[in-house]
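> This is the structure, below, for whatever I ask next.
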Amino acid sequence: MHVIIDGFGGDPDQLSDENVVRVILDQYPAMMGMTKITQPAVIRYTGSKPEDWGVSGYVMIAESHISMHTFPERRLVWADVFSCKEFDAAPIVEDLKRQFRLREMDVNMIPRGLEALARTASA
């Protein structure tokens, strides 16, 4: 299962806080019932355009990975949550909205992983 989250209208202070991103990436694997196999890697990035700076991070899980990129000047966050097994995305989506104080979100879910493969094989 692959959940793609685009969040808009967020709080620039939260979006620019490396610790907020680190804590989110540290907590989400357990919230999903997954196995964290690394500590989150989080860095501040400065692009060639002043408005393109932000915080990027990821955490590897035994089932795949979680990554996110924030753009405080644009009040955006983009997150990908990918797992080879299904999980309840609603708590993750709601927490991301709360953590970054997002006004709007586009959430797309793509069936992937072992369950999707099993459905395809039996068809």
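Quick note on naming: the chains in the structure tokens go A, B, ... in the order shown, residues restart at 1 in each chain, and ligands are numbered from 1 in order of appearance.
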Using only C-alpha atoms, determine which residues lie at most 9 Å from Glu73 of chain A, disregarding the query and same-chain residues fewer than 4 positions distant; provide the list as a list in words.
Pro12, Leu15, Ser16, Pro50, Glu51, Asp52, Trp53 and Gly54 of chain A
> List every residue of chain A that DSSP, applied to the backbone of this structure, assigns to helix (DSSP H, G or I), and report them as a VMD selection string.
chain A and resid 12 to 15 18 to 32 50 to 52 72 to 74 90 to 100 113 to 122
> With DSSP run on the backbone, what are the strand (DSSP E or B) residues within chain A? I'd like them as a PDB file with N, CA and C atoms, in the first residue's frame.

ATOM      1  N   HIS A   2       0.561   2.178  -0.843  1.00  0.00           N
ATOM      2  CA  HIS A   2       1.336   3.408  -0.964  1.00  0.00           C
ATOM      3  C   HIS A   2       0.383   4.575  -0.745  1.00  0.00           C
ATOM      4  N   VAL A   3       0.630   5.355   0.304  1.00  0.00           N
ATOM      5  CA  VAL A   3      -0.185   6.529   0.600  1.00  0.00           C
ATOM      6  C   VAL A   3       0.647   7.764   0.277  1.00  0.00           C
ATOM      7  N   ILE A   4       0.108   8.598  -0.589  1.00  0.00           N
ATOM      8  CA  ILE A   4       0.776   9.817  -1.021  1.00  0.00           C
ATOM      9  C   ILE A   4      -0.026  10.990  -0.477  1.00  0.00           C
ATOM     10  N   ILE A   5       0.626  11.818   0.322  1.00  0.00           N
ATOM     11  CA  ILE A   5      -0.050  12.916   1.001  1.00  0.00           C
ATOM     12  C   ILE A   5       0.582  14.235   0.573  1.00  0.00           C
ATOM     13  N   ASP A   6      -0.245  15.136   0.058  1.00  0.00           N
ATOM     14  CA  ASP A   6       0.161  16.505  -0.230  1.00  0.00           C
ATOM     15  C   ASP A   6      -0.630  17.401   0.711  1.00  0.00           C
ATOM     16  N   GLY A   7       0.076  18.118   1.588  1.00  0.00           N
ATOM     17  CA  GLY A   7      -0.574  18.983   2.564  1.00  0.00           C
ATOM     18  C   GLY A   7      -0.315  20.442   2.260  1.00  0.00           C
ATOM     19  N   PHE A   8      -1.370  21.265   2.378  1.00  0.00           N
ATOM     20  CA  PHE A   8      -1.305  22.678   2.001  1.00  0.00           C
ATOM     21  C   PHE A   8      -1.730  23.578   3.156  1.00  0.00           C
ATOM     22  N   LYS A  36      10.424  -0.513  12.557  1.00  0.00           N
ATOM     23  CA  LYS A  36      11.450   0.481  12.223  1.00  0.00           C
ATOM     24  C   LYS A  36      12.809  -0.207  12.254  1.00  0.00           C
ATOM     25  N   ALA A  41      16.415   9.717   9.394  1.00  0.00           N
ATOM     26  CA  ALA A  41      17.432  10.631   8.866  1.00  0.00           C
ATOM     27  C   ALA A  41      16.707  11.904   8.451  1.00  0.00           C
ATOM     28  N   VAL A  42      17.108  13.042   9.013  1.00  0.00           N
ATOM     29  CA  VAL A  42      16.433  14.314   8.756  1.00  0.00           C
ATOM     30  C   VAL A  42      17.485  15.377   8.477  1.00  0.00           C
ATOM     31  N   ILE A  43      17.274  16.141   7.408  1.00  0.00           N
ATOM     32  CA  ILE A  43      18.197  17.219   7.072  1.00  0.00           C
ATOM     33  C   ILE A  43      17.427  18.466   6.653  1.00  0.00           C
ATOM     34  N   ARG A  44      18.056  19.606   6.856  1.00  0.00           N
ATOM     35  CA  ARG A  44      17.522  20.870   6.346  1.00  0.00           C
ATOM     36  C   ARG A  44      18.138  21.066   4.961  1.00  0.00           C
ATOM     37  N   TYR A  45      17.300  21.440   4.007  1.00  0.00           N
ATOM     38  CA  TYR A  45      17.735  21.595   2.629  1.00  0.00           C
ATOM     39  C   TYR A  45      17.505  23.040   2.197  1.00  0.00           C
ATOM     40  N   GLY A  54      13.683  23.750   3.050  1.00  0.00           N
ATOM     41  CA  GLY A  54      12.774  22.978   3.887  1.00  0.00           C
ATOM     42  C   GLY A  54      13.493  21.866   4.623  1.00  0.00           C
ATOM     43  N   VAL A  55      12.707  20.963   5.141  1.00  0.00           N
ATOM     44  CA  VAL A  55      13.218  19.820   5.899  1.00  0.00           C
ATOM     45  C   VAL A  55      12.793  18.554   5.163  1.00  0.00           C
ATOM     46  N   SER A  56      13.746  17.657   4.980  1.00  0.00           N
ATOM     47  CA  SER A  56      13.464  16.371   4.345  1.00  0.00           C
ATOM     48  C   SER A  56      13.923  15.259   5.268  1.00  0.00           C
ATOM     49  N   GLY A  57      13.182  14.157   5.255  1.00  0.00           N
ATOM     50  CA  GLY A  57      13.574  13.035   6.083  1.00  0.00           C
ATOM     51  C   GLY A  57      12.940  11.745   5.631  1.00  0.00           C
ATOM     52  N   TYR A  58      13.498  10.660   6.134  1.00  0.00           N
ATOM     53  CA  TYR A  58      12.943   9.342   5.850  1.00  0.00           C
ATOM     54  C   TYR A  58      13.297   8.402   6.992  1.00  0.00           C
ATOM     55  N   VAL A  59      12.539   7.327   7.048  1.00  0.00           N
ATOM     56  CA  VAL A  59      12.850   6.239   7.959  1.00  0.00           C
ATOM     57  C   VAL A  59      12.591   4.937   7.208  1.00  0.00           C
ATOM     58  N   MET A  60      13.537   4.035   7.317  1.00  0.00           N
ATOM     59  CA  MET A  60      13.374   2.721   6.693  1.00  0.00           C
ATOM     60  C   MET A  60      12.609   1.829   7.665  1.00  0.00           C
ATOM     61  N   ILE A  61      11.649   1.108   7.133  1.00  0.00           N
ATOM     62  CA  ILE A  61      10.921   0.106   7.913  1.00  0.00           C
ATOM     63  C   ILE A  61      11.106  -1.235   7.213  1.00  0.00           C
ATOM     64  N   SER A  64       9.151  -1.314   4.167  1.00  0.00           N
ATOM     65  CA  SER A  64       9.554  -0.388   3.105  1.00  0.00           C
ATOM     66  C   SER A  64      10.062   0.925   3.679  1.00  0.00           C
ATOM     67  N   HIS A  65       9.294   2.049   3.561  1.00  0.00           N
ATOM     68  CA  HIS A  65       9.817   3.329   4.046  1.00  0.00           C
ATOM     69  C   HIS A  65       8.716   4.372   4.221  1.00  0.00           C
ATOM     70  N   ILE A  66       9.080   5.430   4.941  1.00  0.00           N
ATOM     71  CA  ILE A  66       8.252   6.626   5.082  1.00  0.00           C
ATOM     72  C   ILE A  66       9.167   7.811   4.791  1.00  0.00           C
ATOM     73  N   SER A  67       8.725   8.725   3.949  1.00  0.00           N
ATOM     74  CA  SER A  67       9.543   9.905   3.660  1.00  0.00           C
ATOM     75  C   SER A  67       8.660  11.148   3.644  1.00  0.00           C
ATOM     76  N   MET A  68       9.289  12.293   3.905  1.00  0.00           N
ATOM     77  CA  MET A  68       8.556  13.551   3.803  1.00  0.00           C
ATOM     78  C   MET A  68       9.494  14.698   3.489  1.00  0.00           C
ATOM     79  N   HIS A  69       8.898  15.708   2.862  1.00  0.00           N
ATOM     80  CA  HIS A  69       9.621  16.908   2.472  1.00  0.00           C
ATOM     81  C   HIS A  69       8.721  18.094   2.804  1.00  0.00           C
ATOM     82  N   THR A  70       9.254  19.063   3.551  1.00  0.00           N
ATOM     83  CA  THR A  70       8.485  20.253   3.880  1.00  0.00           C
ATOM     84  C   THR A  70       9.037  21.455   3.125  1.00  0.00           C
ATOM     85  N   PHE A  71       8.158  22.406   2.862  1.00  0.00           N
ATOM     86  CA  PHE A  71       8.509  23.657   2.209  1.00  0.00           C
ATOM     87  C   PHE A  71       7.830  24.782   2.991  1.00  0.00           C
ATOM     88  N   LEU A  76       3.844  23.927   2.541  1.00  0.00           N
ATOM     89  CA  LEU A  76       3.551  22.606   1.986  1.00  0.00           C
ATOM     90  C   LEU A  76       4.294  21.499   2.709  1.00  0.00           C
ATOM     91  N   VAL A  77       3.702  20.321   2.701  1.00  0.00           N
ATOM     92  CA  VAL A  77       4.410  19.097   3.065  1.00  0.00           C
ATOM     93  C   VAL A  77       3.982  18.019   2.079  1.00  0.00           C
ATOM     94  N   TRP A  78       4.950  17.237   1.653  1.00  0.00           N
ATOM     95  CA  TRP A  78       4.696  16.073   0.805  1.00  0.00           C
ATOM     96  C   TRP A  78       5.219  14.866   1.551  1.00  0.00           C
ATOM     97  N   ALA A  79       4.381  13.855   1.685  1.00  0.00           N
ATOM     98  CA  ALA A  79       4.790  12.651   2.406  1.00  0.00           C
ATOM     99  C   ALA A  79       4.394  11.409   1.620  1.00  0.00           C
ATOM    100  N   ASP A  80       5.258  10.408   1.694  1.00  0.00           N
ATOM    101  CA  ASP A  80       4.996   9.095   1.098  1.00  0.00           C
ATOM    102  C   ASP A  80       5.126   8.054   2.194  1.00  0.00           C
ATOM    103  N   VAL A  81       4.109   7.217   2.293  1.00  0.00           N
ATOM    104  CA  VAL A  81       4.144   6.116   3.247  1.00  0.00           C
ATOM    105  C   VAL A  81       3.919   4.848   2.431  1.00  0.00           C
ATOM    106  N   PHE A  82       4.964   4.034   2.333  1.00  0.00           N
ATOM    107  CA  PHE A  82       4.887   2.829   1.509  1.00  0.00           C
ATOM    108  C   PHE A  82       5.165   1.605   2.363  1.00  0.00           C
ATOM    109  N   SER A  83       4.310   0.608   2.209  1.00  0.00           N
ATOM    110  CA  SER A  83       4.478  -0.646   2.931  1.00  0.00           C
ATOM    111  C   SER A  83       4.057  -1.795   2.035  1.00  0.00           C
ATOM    112  N   GLU A 104      -5.551  22.057   4.048  1.00  0.00           N
ATOM    113  CA  GLU A 104      -6.071  21.157   3.020  1.00  0.00           C
ATOM    114  C   GLU A 104      -5.090  20.022   2.808  1.00  0.00           C
ATOM    115  N   MET A 105      -5.635  18.895   2.341  1.00  0.00           N
ATOM    116  CA  MET A 105      -4.797  17.741   2.028  1.00  0.00           C
ATOM    117  C   MET A 105      -5.357  17.012   0.820  1.00  0.00           C
ATOM    118  N   ASP A 106      -4.458  16.553  -0.025  1.00  0.00           N
ATOM    119  CA  ASP A 106      -4.804  15.604  -1.081  1.00  0.00           C
ATOM    120  C   ASP A 106      -4.163  14.288  -0.674  1.00  0.00           C
ATOM    121  N   VAL A 107      -4.966  13.234  -0.570  1.00  0.00           N
ATOM    122  CA  VAL A 107      -4.464  11.928  -0.156  1.00  0.00           C
ATOM    123  C   VAL A 107      -4.820  10.924  -1.242  1.00  0.00           C
ATOM    124  N   ASN A 108      -3.804  10.241  -1.741  1.00  0.00           N
ATOM    125  CA  ASN A 108      -4.008   9.203  -2.746  1.00  0.00           C
ATOM    126  C   ASN A 108      -3.449   7.896  -2.221  1.00  0.00           C
ATOM    127  N   MET A 109      -4.221   6.830  -2.407  1.00  0.00           N
ATOM    128  CA  MET A 109      -3.794   5.507  -1.966  1.00  0.00           C
ATOM    129  C   MET A 109      -3.700   4.591  -3.175  1.00  0.00           C
ATOM    130  N   ILE A 110      -2.560   3.941  -3.276  1.00  0.00           N
ATOM    131  CA  ILE A 110      -2.313   3.032  -4.382  1.00  0.00           C
ATOM    132  C   ILE A 110      -2.098   1.637  -3.796  1.00  0.00           C
TER     133      ILE A 110
END
> Write out as a PyMOL selection string the residues lying within 9 Å of segment 31-35 of chain A, counting only C-alpha atoms and excluding same-chain residues fewer than 5 positions away.
chain A and resi 60-63+83+87-89+91-92
> Which residues come within 12 Å of Gln99 of chain A, counting only C-alpha atoms, excluding same-chain residues fewer than 2 positions away, as a list in words?
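Those residues are Gly7, Gly10, Asp11, Pro12, Asp13, Gln14, Leu15, Ser16, Asp17, Asn19, Val20, Val21, Arg22, Val23, Ile24, Leu25, Val77, Pro91, Ile92, Val93, Glu94, Asp95, Leu96, Lys97, Arg101, Leu102 and Arg103 of chain A.
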> Which value, in Å to one decimal, gives the distance between atom CA of Pro111 of chain A and atom CA of Glu86 of chain A?
8.3 Å
> Calculate how many Å separate atom CA of Cys84 of chain A from atom CA of Arg112 of chain A, rounding to one decimal.
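Atom CA of Arg112 of chain A lies at a distance of 6.6 Å from atom CA of Cys84 of chain A.
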> Any idea what the distance is between atom CA of Phe100 of chain A and atom CA of Lys85 of chain A?
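Distance reported for this atom pair: 26.5 Å.
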